[in-house]
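Here is input.txt, consisting of compact mmCIF, C-alpha atoms:
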```txt
# COMPACT_ATOMS: atom_id res chain seq x y z
CA MET A 1 14.43 30.03 -15.92
CA ASP A 2 14.47 26.91 -18.03
CA ASN A 3 11.01 25.24 -18.16
CA ARG A 4 12.62 21.84 -17.83
CA GLN A 5 13.92 22.84 -14.41
CA ALA A 6 10.45 23.85 -13.24
CA ILE A 7 8.80 20.69 -14.52
CA GLY A 8 11.53 18.26 -13.52
CA SER A 9 13.11 15.52 -15.52
CA TRP A 10 11.56 12.15 -16.09
CA LEU A 11 14.21 10.70 -13.78
CA SER A 12 13.89 13.04 -10.82
CA GLY A 13 10.23 14.02 -11.09
CA PRO A 14 8.51 17.26 -10.21
CA ARG A 15 9.08 16.88 -6.45
CA ALA A 16 12.86 16.83 -6.88
CA ALA A 17 12.66 19.86 -9.18
CA ALA A 18 10.57 21.75 -6.61
CA GLU A 19 13.04 20.81 -3.86
CA ASP A 20 15.92 22.04 -6.06
CA MET A 21 14.09 25.36 -6.35
CA GLY A 22 13.82 25.66 -2.55
CA ALA A 23 10.46 24.08 -1.68
CA GLU A 24 10.47 22.05 1.53
CA PHE A 25 8.17 19.05 1.82
CA GLY A 26 9.67 17.41 4.89
CA HIS A 27 10.03 13.65 5.16
CA ARG A 28 7.29 11.22 4.20
CA GLY A 29 4.84 10.89 7.05
CA GLU A 30 5.86 14.12 8.76
CA ARG A 31 2.36 15.61 8.27
CA LEU A 32 0.98 12.52 10.02
CA GLY A 33 3.38 12.82 12.96
CA LEU A 34 5.40 9.75 11.96
CA PRO A 35 9.18 9.45 12.33
CA GLU A 36 11.46 9.76 9.31
CA ALA A 37 13.01 6.29 9.70
CA GLY A 38 12.79 3.17 11.81
CA PRO A 39 9.75 1.55 13.45
CA GLY A 40 6.58 3.56 12.95
CA SER A 41 7.82 5.34 9.83
CA ILE A 42 6.06 5.16 6.46
CA ALA A 43 6.69 1.79 4.82
CA PRO A 44 8.82 2.00 1.66
CA LEU A 45 7.21 1.26 -1.68
CA GLY A 46 9.42 -1.76 -2.40
CA ARG A 47 8.40 -3.53 0.80
CA ARG A 48 4.72 -2.76 0.26
CA PHE A 49 4.88 -4.08 -3.30
CA GLY A 50 6.76 -7.18 -2.11
CA ALA A 51 4.10 -7.83 0.55
CA VAL A 52 1.33 -7.67 -2.08
CA LEU A 53 3.28 -10.11 -4.29
CA ILE A 54 3.70 -12.56 -1.39
CA ASP A 55 0.00 -12.32 -0.53
CA TRP A 56 -1.06 -12.67 -4.18
CA GLY A 57 1.16 -15.75 -4.61
CA LEU A 58 -0.33 -17.30 -1.48
CA CYS A 59 -3.87 -16.59 -2.74
CA LEU A 60 -3.07 -18.07 -6.17
CA LEU A 61 -1.69 -21.19 -4.53
CA ILE A 62 -4.82 -21.59 -2.38
CA ALA A 63 -7.13 -20.89 -5.33
CA TYR A 64 -5.35 -23.30 -7.67
CA GLY A 65 -5.11 -26.05 -5.09
CA LEU A 66 -8.60 -25.84 -3.60
CA PHE A 67 -11.00 -24.21 -6.04
CA ALA A 68 -9.79 -24.02 -9.65
CA ASN A 69 -9.62 -27.73 -10.55
CA GLY A 70 -6.63 -27.12 -12.83
CA ASP A 71 -8.16 -24.08 -14.60
CA ARG A 72 -5.58 -21.27 -14.59
CA GLN A 73 -8.10 -18.59 -15.54
CA GLY A 74 -10.41 -19.78 -12.80
CA ALA A 75 -7.53 -19.72 -10.31
CA GLY A 76 -6.95 -16.02 -11.00
CA ASN A 77 -10.60 -15.20 -10.44
CA TRP A 78 -10.74 -17.23 -7.23
CA ALA A 79 -7.45 -15.71 -6.07
CA LEU A 80 -8.92 -12.20 -6.22
CA GLY A 81 -11.80 -13.24 -3.95
CA ILE A 82 -9.43 -15.02 -1.59
CA PHE A 83 -7.16 -11.94 -1.59
CA LEU A 84 -10.12 -9.76 -0.55
CA VAL A 85 -11.13 -12.13 2.26
CA LEU A 86 -7.51 -12.52 3.41
CA SER A 87 -7.01 -8.78 3.50
CA VAL A 88 -10.24 -8.04 5.40
CA LEU A 89 -9.71 -10.82 7.96
CA THR A 90 -6.03 -10.30 8.65
CA VAL A 91 -5.79 -6.50 8.50
CA GLY A 92 -9.07 -6.23 10.41
CA THR A 93 -7.84 -8.45 13.25
CA VAL A 94 -4.05 -8.23 13.58
CA GLY A 95 -3.23 -5.27 11.32
CA PHE A 96 -1.20 -7.08 8.68
CA THR A 97 -1.44 -9.74 5.99
CA PRO A 98 1.04 -12.64 5.86
CA GLY A 99 3.13 -10.77 3.28
CA LYS A 100 3.18 -7.62 5.38
CA ARG A 101 4.21 -9.61 8.46
CA ILE A 102 7.06 -11.30 6.61
CA LEU A 103 8.32 -7.90 5.43
CA ARG A 104 7.70 -6.29 8.85
CA LEU A 105 4.87 -3.92 7.90
CA ARG A 106 1.62 -3.03 9.61
CA VAL A 107 -1.53 -1.12 8.62
CA ILE A 108 -2.70 1.41 11.20
CA SER A 109 -5.12 4.29 11.38
CA GLU A 110 -3.83 7.82 10.75
CA ASP A 111 -4.19 8.49 14.47
CA GLY A 112 -2.01 5.46 15.29
CA GLY A 113 -4.76 3.09 16.43
CA ARG A 114 -6.34 0.05 14.85
CA LEU A 115 -8.38 0.35 11.70
CA GLY A 116 -12.11 -0.22 12.15
CA ILE A 117 -13.74 -3.01 10.15
CA PHE A 118 -15.61 -0.64 7.81
CA ARG A 119 -12.37 1.15 6.92
CA VAL A 120 -10.61 -2.20 6.43
CA ILE A 121 -13.35 -3.30 4.01
CA VAL A 122 -13.15 -0.01 2.06
CA ARG A 123 -9.37 -0.27 1.89
CA SER A 124 -9.43 -3.92 0.79
CA VAL A 125 -12.05 -3.41 -1.93
CA LEU A 126 -10.13 -0.44 -3.33
CA LEU A 127 -6.89 -2.44 -3.22
CA CYS A 128 -8.55 -5.21 -5.26
CA LEU A 129 -9.49 -2.62 -7.88
CA ALA A 130 -5.72 -1.92 -8.22
CA ILE A 131 -5.99 1.59 -9.72
CA PRO A 132 -6.44 3.38 -6.35
CA ALA A 133 -3.31 1.63 -5.06
CA LEU A 134 -1.31 3.09 -7.97
CA ILE A 135 -2.19 6.72 -7.15
CA TRP A 136 -0.04 8.13 -4.32
CA ASP A 137 0.01 11.27 -2.25
CA ARG A 138 3.19 13.09 -1.21
CA ASP A 139 3.54 10.82 1.83
CA GLY A 140 3.69 7.79 -0.46
CA ARG A 141 0.26 6.49 0.59
CA GLY A 142 -1.96 4.92 -2.03
CA LEU A 143 -5.43 6.31 -2.65
CA HIS A 144 -6.89 3.18 -1.02
CA ASP A 145 -5.01 3.99 2.20
CA ARG A 146 -5.84 7.67 2.02
CA LEU A 147 -9.58 7.08 1.58
CA ALA A 148 -9.59 4.56 4.45
CA ARG A 149 -7.48 6.99 6.54
CA ALA A 150 -4.86 4.28 6.93
CA VAL A 151 -1.05 4.26 6.94
CA GLN A 152 1.34 1.39 6.26
CA VAL A 153 4.25 1.60 8.66
CA ARG A 154 7.37 -0.36 9.49
CA ILE A 155 7.23 -2.63 12.53
```

Could you render the structure as structure tokens?
Amino acid sequence: MDNRQAIGSWLSGPRAAAEDMGAEFGHRGERLGLPEAGPGSIAPLGRRFGAVLIDWGLCLLIAYGLFANGDRQGAGNWALGIFLVLSVLTVGTVGFTPGKRILRLRVISEDGGRLGIFRVIVRSVLLCLAIPALIWDRDGRGLHDRLARAVQVRI
């Protein structure tokens, strides 16, 4: 067997190579009991990234307009704090941020219920650190969601 087939190409990745060799992973979210598509299924990466961009833009606008006094560097620092507060308050109460609502996403617990406030705080702090959000499991969940036992789903 060619080693490149076992490792996968840089385009397809190791998962596609394993699937080509007969491994079955199922659809994303199957291990969590979520449907493959439609409402309640794992949110796609593009939508989740778009929601973060919308929320970050909103936080930058608030920071620049209310706190930074024209200082762009200061606006970025303030925006991170506002992003943390926005995430804790909105996900902790209604289950989504403004960006997630616009893109029809919701954050729920792995068991399908609401996320408790402690788990929302853990998730939000890890999201602000950025690195945990860039490490995914095979269901496409970021490390921040996995550690908080949360799932982002389509509405």

Wanna dump the region 42-105 of chain A-region 133-141 of chain A contacts at 9 Å for me, each residue with its shortest atom pair and the distance in Å to one decimal, counting only C-alpha atoms, ordered by chain and number, as CSV?
```
residue,atom,partner,partner_atom,distance
A:Ile42,CA,A:Asp139,CA,7.7
A:Ala43,CA,A:Gly140,CA,8.5
A:Pro44,CA,A:Gly140,CA,8.0
A:Leu45,CA,A:Gly140,CA,7.5
```

Legend entry - Using all atoms listed in the file: which of A:Val153, A:Pro132, A:Arg28, A:Leu34 has the shortest distance to Arg101 (chain A):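 So, comparing all the options, the nearest one is A:Val153.
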
Legend entry - Residue with smallest distance to Gly142 (chain A) - pool A:Pro39, A:Phe49, A:Gly57, A:Leu103, counting all atoms listed in the file: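 The closest residue to Gly142 (chain A) is A:Phe49.
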
Legend entry - Expected answer as a PyMOL selection string: all residues with atoms within 10 Å of (4.1, -4.6, 5.3), all atoms listed in the file: chain A and resi 43-52+95-107+152-155

Inset, instruction - Enter the distance from CA of Gly38 (chain A) to CA of Asp111 (chain A), in Å, rounded to one decimal. - result: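 Pair CA of Gly38 (chain A) / CA of Asp111 (chain A) returns 18.0 Å.
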
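Minimum atom-to-atom distances from A:Val125, A:Ala75, A:Ala37, A:Val91 to Cys59 (chain A) were compared using all atoms listed in the file, and the lowest value belongs to A:Ala75.
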
Inset, instruction - Quick one: pull the distance between CA of Gly112 (chain A) and CA of Ile82 (chain A), Å, one decimal. - result: 27.6 Å

Inset, instruction - Would you mind reading off the distance between CA of Gly29 (chain A) and CA of Phe83 (chain A), one decimal, in Å? - result: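 Separating CA of Gly29 (chain A) from CA of Phe83 (chain A) is a distance of 27.2 Å.
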
Legend entry - Residue neighbourhood Leu127 (chain A), 9 Å, all atoms listed in the file, exclusion window fewer than 4 positions, as a PyMOL selection string: chain A and resi 84+122-123+131-133+142-145

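Each of A:Ala68, A:Ala63, A:Arg119, A:Ala148 was checked against Leu80 (chain A) using all atoms listed in the file; the smallest atom-to-atom distance is that of A:Ala63.
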
Legend entry - Pick from A:Ile117, A:Glu110, A:Ser124, A:Leu86 nearest to Arg146 (chain A), counting only C-alpha atoms: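 The answer is A:Glu110, which sits nearest to Arg146 (chain A).
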
Legend entry - Nearest candidate to Phe67 (chain A) (options A:Ala79, A:Leu32, A:Ile121, A:Val94; using all atoms listed in the file): A:Ala79
